[in-house]
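Participant: Take this structure first; my questions come after.
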Amino acid sequence: MLRFVSLDPTPTTTGPLPGAYLVGKDNVAIAGEVTIRDGIVVCEKGSTEAAAIAVQLDLDQTRLDQLDGDTTVQGITLQPLGSLILQTCLLPQREAPYLLVLELARHRLMMFMTKLEDWQAIESAEGTLPMRLFDEARQAFLESVVNAPDSILPTSKASKLALRSLWIGIEATERLALMQAKADFESRSDGTMYEQIESEPSESSRRKPILHPGRGGVVLPLKPAIGALVSPNVFAPMTQDAIIRACDFITVPMRWIEMEPAEGEYDYTKTDRWIEWAIRQAKVPVVAGPLIDFRSASVPEWLYIWENDYETLRELVYEHIKTLVTRYRRTVTRWTVCSGLHCGEHFKLSFEQMMDLTRICVLVTRKLHPRAKIQVEITQPWGEYHTHDRSSLPPLLYAEMLSQAGIQIDAFSLRMQMGSYRPGLQTRDLMAFSSMLDQYAMLDRPITLSSFGVPSSKISPREQIPTIPDSGQWRHSWNDTTQADWLSAFGAVALSKPYIESICWHELADTAGTTDMRTGGLMDIKGLARPALDRLSDLRTAIAESKLPDSWSSDALLGSPSVPS
């Protein structure tokens, strides 16, 4: 058992801690329960091995006021950081409780140094603002450790110093992530990173991914692409203009519930009009899928009859993919064949069934459309669902098993959404996002972000349910401006990675019909553009010019204005 002293001096919560889960080696979620009792966070796990805890922490103005000392650090004024999922290092069991905020700060400092080494940026970071902030955070951490034996109460000096260390540490790591993105973006976009590694390319290898010798993962020879998912229910001149202005491709979702609402009765009308427009008028490539997605918003009612009959389900999946790929193989260039089979969401599959169904999805599509690109979508990429559902498969392990099984896919795609109370969609910081992408790079395959986005207003469940975590927020409350800043910062980090092939915003326009996230569109339900649409267009221009806009400074995107000296 692990125990932690909570950060709140007067806790009001007793019972399961919403959004918290346990993490083992290699950042894999492990079985266990996290509760809070009288201000003590209690972690009950099934083994005695060292474990970490991931918790959601409010780092708002109220919490900022608890910091000891001046909030002006190295020329910047510390600002609210939002409500984020943060993690500790792996910790052994012991009788005395740990100070939660101190352990969160320890992990943040470790992450800073680890990523400096991974990115081979130790020398280039010397003397920079992120490095100076790191030194401030480390000093506060050491002072906290010195004072910790006296008292680890939430109001103690040690706790306040640890909070200061954590705050400055998050600021340092986010700025480091942006600084590295700015350094990599140009060489990744203009192809020099690829040319430096492939010093003598042959004609046959010129356009193939190659392994990065120092940082791991592949380096792609082509510029990354930007797209948006178009809802079949939204087809208007304003949305078409937005695509032409900001996107290199479109994604047509092809949800099973919309394509085959009644068994054996397909409705192609709305999907056909988007694909016809994209091919004939806009001249942009079409990505389709996921074709198989067992989330509740995608599954037709009639399919639930067969959820416990795998053989029949397998046949239905085979026929469904065969029908759609046969119809659209002349127009679609890339297929997302399946999504989230590793999660066991709604349809519980054994390990063998997960692998078998994935293999069928890939093989049928490959056979019917051999020239198309094929990708498998991974949902909830941090894998927190696995702590509660042991029949599921951790996302990285699922991807590794597909590679080892010889299932021939062209890329892994990540569903990368934040800002919703739904499982796996809580908010993370910029460095956690960058570090997670680097983990998936170790698969040595191209990576696409097939559903990338956040809302433009706070999303909460329609009913107040204590066990459901808050959606969180990044820096500020979710609004049009925060959504746009998130797109710029997280988009820049993603597209600077040499293994990222494309990103696709998760919703072009809000719709009254099926949607992944309310208010998550680049346009509102009336078709009016949000600031995020301009940012997506700017990001596309930046790729073409191989340079991020000068206006996208850390101070501008992170909301921490410089203080005059």
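By convention here, the chains of the structure tokens are called A, B, ... in the order presented, each chain's residues are numbered starting at 1, and ligands are numbered starting at 1 in the order presented.
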Tell me, as a VMD selection string, which residues lie within 9 Å of region 490-502 of chain A, counting only C-alpha atoms; anything in the same chain fewer than 2 positions away does not count.
Facilitator: chain A and resid 177 to 178 180 to 189 193 to 194 209 212 217 to 227 411 430 433 to 434 437 to 438 441 444 to 450 452 485 to 488 504 536 539 543 548
Participant: Hey, can you spit out that residue selection with C-alpha atoms as a PDB file, in the first residue's frame?
Facilitator:
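This is the output file selection19.pdb:
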```pdb
ATOM      1  CA  ALA A 177       8.972  21.266 -25.145  1.00  0.00           C
ATOM      2  CA  LEU A 178       8.184  24.395 -27.187  1.00  0.00           C
ATOM      3  CA  GLN A 180      12.702  21.891 -28.831  1.00  0.00           C
ATOM      4  CA  ALA A 181       9.713  22.019 -31.183  1.00  0.00           C
ATOM      5  CA  LYS A 182      10.926  25.307 -32.605  1.00  0.00           C
ATOM      6  CA  ALA A 183      14.413  23.862 -33.087  1.00  0.00           C
ATOM      7  CA  ASP A 184      13.166  20.691 -34.811  1.00  0.00           C
ATOM      8  CA  PHE A 185      10.301  22.150 -36.833  1.00  0.00           C
ATOM      9  CA  GLU A 186      12.417  23.749 -39.554  1.00  0.00           C
ATOM     10  CA  SER A 187      14.776  20.822 -40.207  1.00  0.00           C
ATOM     11  CA  ARG A 188      11.888  18.346 -40.059  1.00  0.00           C
ATOM     12  CA  SER A 189       9.697  20.367 -42.462  1.00  0.00           C
ATOM     13  CA  MET A 193      16.868  16.256 -40.889  1.00  0.00           C
ATOM     14  CA  TYR A 194      16.132  13.400 -43.274  1.00  0.00           C
ATOM     15  CA  PRO A 209      11.092   6.325 -43.591  1.00  0.00           C
ATOM     16  CA  HIS A 212      16.907   8.163 -36.403  1.00  0.00           C
ATOM     17  CA  GLY A 217      11.810   6.418 -34.107  1.00  0.00           C
ATOM     18  CA  VAL A 218      11.613   7.003 -37.838  1.00  0.00           C
ATOM     19  CA  VAL A 219      12.304  10.153 -39.820  1.00  0.00           C
ATOM     20  CA  LEU A 220       9.881  10.777 -42.653  1.00  0.00           C
ATOM     21  CA  PRO A 221      11.064  12.322 -45.940  1.00  0.00           C
ATOM     22  CA  LEU A 222       7.908  14.328 -46.661  1.00  0.00           C
ATOM     23  CA  LYS A 223       6.333  17.314 -44.971  1.00  0.00           C
ATOM     24  CA  PRO A 224       3.550  16.480 -42.495  1.00  0.00           C
ATOM     25  CA  ALA A 225      -0.053  17.050 -43.573  1.00  0.00           C
ATOM     26  CA  ILE A 226      -2.972  18.745 -41.825  1.00  0.00           C
ATOM     27  CA  GLY A 227      -6.607  17.707 -42.067  1.00  0.00           C
ATOM     28  CA  ALA A 411       1.097   3.670 -39.541  1.00  0.00           C
ATOM     29  CA  LEU A 430       2.589  19.991 -23.106  1.00  0.00           C
ATOM     30  CA  PHE A 433       2.040  15.069 -24.493  1.00  0.00           C
ATOM     31  CA  SER A 434       5.473  15.347 -26.108  1.00  0.00           C
ATOM     32  CA  LEU A 437       4.474  10.762 -28.513  1.00  0.00           C
ATOM     33  CA  ASP A 438       8.135   9.818 -28.101  1.00  0.00           C
ATOM     34  CA  ALA A 441       7.912   6.593 -31.751  1.00  0.00           C
ATOM     35  CA  ASP A 444       9.542   2.513 -35.442  1.00  0.00           C
ATOM     36  CA  ARG A 445       6.462   3.266 -37.513  1.00  0.00           C
ATOM     37  CA  PRO A 446       5.008   6.533 -38.798  1.00  0.00           C
ATOM     38  CA  ILE A 447       2.475   8.029 -36.382  1.00  0.00           C
ATOM     39  CA  THR A 448      -0.630  10.014 -37.273  1.00  0.00           C
ATOM     40  CA  LEU A 449      -2.871  11.948 -34.895  1.00  0.00           C
ATOM     41  CA  SER A 450      -6.190  10.892 -36.330  1.00  0.00           C
ATOM     42  CA  PHE A 452      -6.678  15.773 -32.394  1.00  0.00           C
ATOM     43  CA  ASP A 485      -3.594  28.470 -28.126  1.00  0.00           C
ATOM     44  CA  TRP A 486      -3.782  24.739 -27.396  1.00  0.00           C
ATOM     45  CA  LEU A 487      -3.931  23.990 -31.131  1.00  0.00           C
ATOM     46  CA  SER A 488      -0.884  26.180 -31.796  1.00  0.00           C
ATOM     47  CA  CYS A 504      -6.351  15.707 -38.141  1.00  0.00           C
ATOM     48  CA  LEU A 536      -4.794  25.619 -38.210  1.00  0.00           C
ATOM     49  CA  LEU A 539       0.152  25.921 -38.990  1.00  0.00           C
ATOM     50  CA  ILE A 543       4.817  23.760 -42.705  1.00  0.00           C
ATOM     51  CA  LEU A 548       6.873  28.564 -37.043  1.00  0.00           C
TER      52      LEU A 548
END
```
Participant: Identify, with DSSP run on backbone atoms, the residues in region 285-400 of chain A assigned to strand (DSSP E or B), and express the list as a ChimeraX atom specification.
Facilitator: /A:286-288,292-293,334-339,373-378
Participant: Do a neighbour search on Thr35 (chain A) at 9 Å with only C-alpha atoms, toss out local chain neighbours closer than 3 positions, and write the hits as a list of chain:residue names.
Facilitator: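 Here the answer would be A:Thr14, A:Gly15, A:Pro16, A:Leu17, A:Pro18, A:Ala20, A:Ile40, A:Val41, A:Val42, A:Cys43, A:Glu44.
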Participant: Could you state the separation of CA of Val454 (chain A) and CA of Ile76 (chain A) in Å, given to one decimal place?
Facilitator: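 One can read the CA of Val454 (chain A) to CA of Ile76 (chain A) distance as 26.7 Å.
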Participant: Could you check the closest approach to Gly527 (chain A) for each of A:Asp65, A:Ala121, A:Ala242, A:Lys25 and tell me which residue wins, using only C-alpha atoms?
Facilitator: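 Selected residue with least distance to Gly527 (chain A): A:Ala242.
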Participant: Can you pull out the residues contacting Thr481 (chain A)? Cut-off 8 Å, using only C-alpha atoms, and skip same-chain residues under 3 positions away; I want them as a PyMOL selection string.
Facilitator: chain A and resi 456+478+484-485+531-532
Participant: Point out the residue among A:Gly406, A:Pro237, A:Gly46, A:Pro469 with the least atom-to-atom distance to Leu528 (chain A), counting only C-alpha atoms.
Facilitator: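 Checking each candidate against Leu528 (chain A), we get A:Pro237 as the closest.
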Participant: From the options A:Ala148, A:Ala29, A:Thr379, A:Ser231, which residue's atoms come nearest to Ala512 (chain A), counting only C-alpha atoms?
Facilitator: A:Ser231
Participant: Work out how far CA of Arg215 (chain A) is from CA of Val28 (chain A), in Å to one decimal.
Facilitator: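 That distance, rounded to one decimal, is 21.7 Å.
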Participant: CA of Ala236 (chain A) and CA of Ile250 (chain A) are how many Å apart?
Facilitator: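 Spanning CA of Ala236 (chain A) to CA of Ile250 (chain A) is a straight-line distance of 14.7 Å.
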Participant: Contacts of Glu143 (chain A) at 12 Å or less, counting only C-alpha atoms, minus same-chain residues fewer than 6 places along, as a list of chain:residue names?
Facilitator: A:Asp68, A:Leu102, A:Glu136, A:Ala137, A:Pro149, A:Lys157, A:Ala158, A:Ser159, A:Lys160, A:Leu161, A:Ala162, A:Leu163, A:Arg164, A:Ser165
Participant: Would you put the residues from that selection into a file with C-alpha atoms, as a compact mmCIF listing (two decimals), in the first residue's frame?
Facilitator:
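Dumped to selection.txt:
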```txt
# COMPACT_ATOMS: atom_id res chain seq x y z
CA ASP A 68 5.92 30.80 -0.77
CA LEU A 102 6.86 16.67 -3.32
CA GLU A 136 14.88 27.47 -9.63
CA ALA A 137 12.57 24.45 -9.39
CA PRO A 149 11.25 15.68 8.15
CA LYS A 157 6.91 24.95 4.72
CA ALA A 158 7.99 21.74 3.00
CA SER A 159 4.63 21.44 1.24
CA LYS A 160 4.68 25.05 0.07
CA LEU A 161 8.23 24.75 -1.24
CA ALA A 162 7.33 21.52 -3.04
CA LEU A 163 4.34 23.22 -4.65
CA ARG A 164 6.61 26.03 -5.78
CA SER A 165 9.04 23.49 -7.26
```
Participant: List the neighbours of Ile409 (chain A) out to 8 Å using only C-alpha atoms; skip same-chain residues closer than 4 positions along the sequence, and give me the result as a PyMOL selection string.
Facilitator: chain A and resi 362+373-376
Participant: Just list the residues in region 302-470 of chain A DSSP gives alpha helix (DSSP H) on the backbone, as a ChimeraX atom specification.
Facilitator: /A:310-328,351-368,395-404,430-441
Participant: Neighbouring residues of Ser339 (chain A) were defined as those with any atom within 8 Å, considering only C-alpha atoms; residues of the same chain fewer than 4 positions away were excluded. Please report them as a PDB file with C-alpha atoms, in the first residue's frame.
Facilitator:
```pdb
ATOM      1  CA  PRO A 290     -12.392   4.088 -38.436  1.00  0.00           C
ATOM      2  CA  LEU A 291     -14.466   1.391 -40.120  1.00  0.00           C
ATOM      3  CA  ILE A 292     -14.721  -0.685 -36.934  1.00  0.00           C
ATOM      4  CA  ASP A 293     -15.188   1.263 -33.706  1.00  0.00           C
ATOM      5  CA  PHE A 294     -17.077  -0.211 -30.753  1.00  0.00           C
ATOM      6  CA  VAL A 376      -4.829   1.128 -36.828  1.00  0.00           C
ATOM      7  CA  GLU A 377      -6.135   3.679 -34.330  1.00  0.00           C
ATOM      8  CA  ILE A 378      -5.134   3.598 -30.674  1.00  0.00           C
ATOM      9  CA  THR A 379      -7.511   5.318 -28.248  1.00  0.00           C
TER      10      THR A 379
END
```
Participant: Closest to Arg63 (chain A) among A:Leu349, A:Ala172, A:Leu533, A:Leu166, using only C-alpha atoms?
Facilitator: A:Leu166
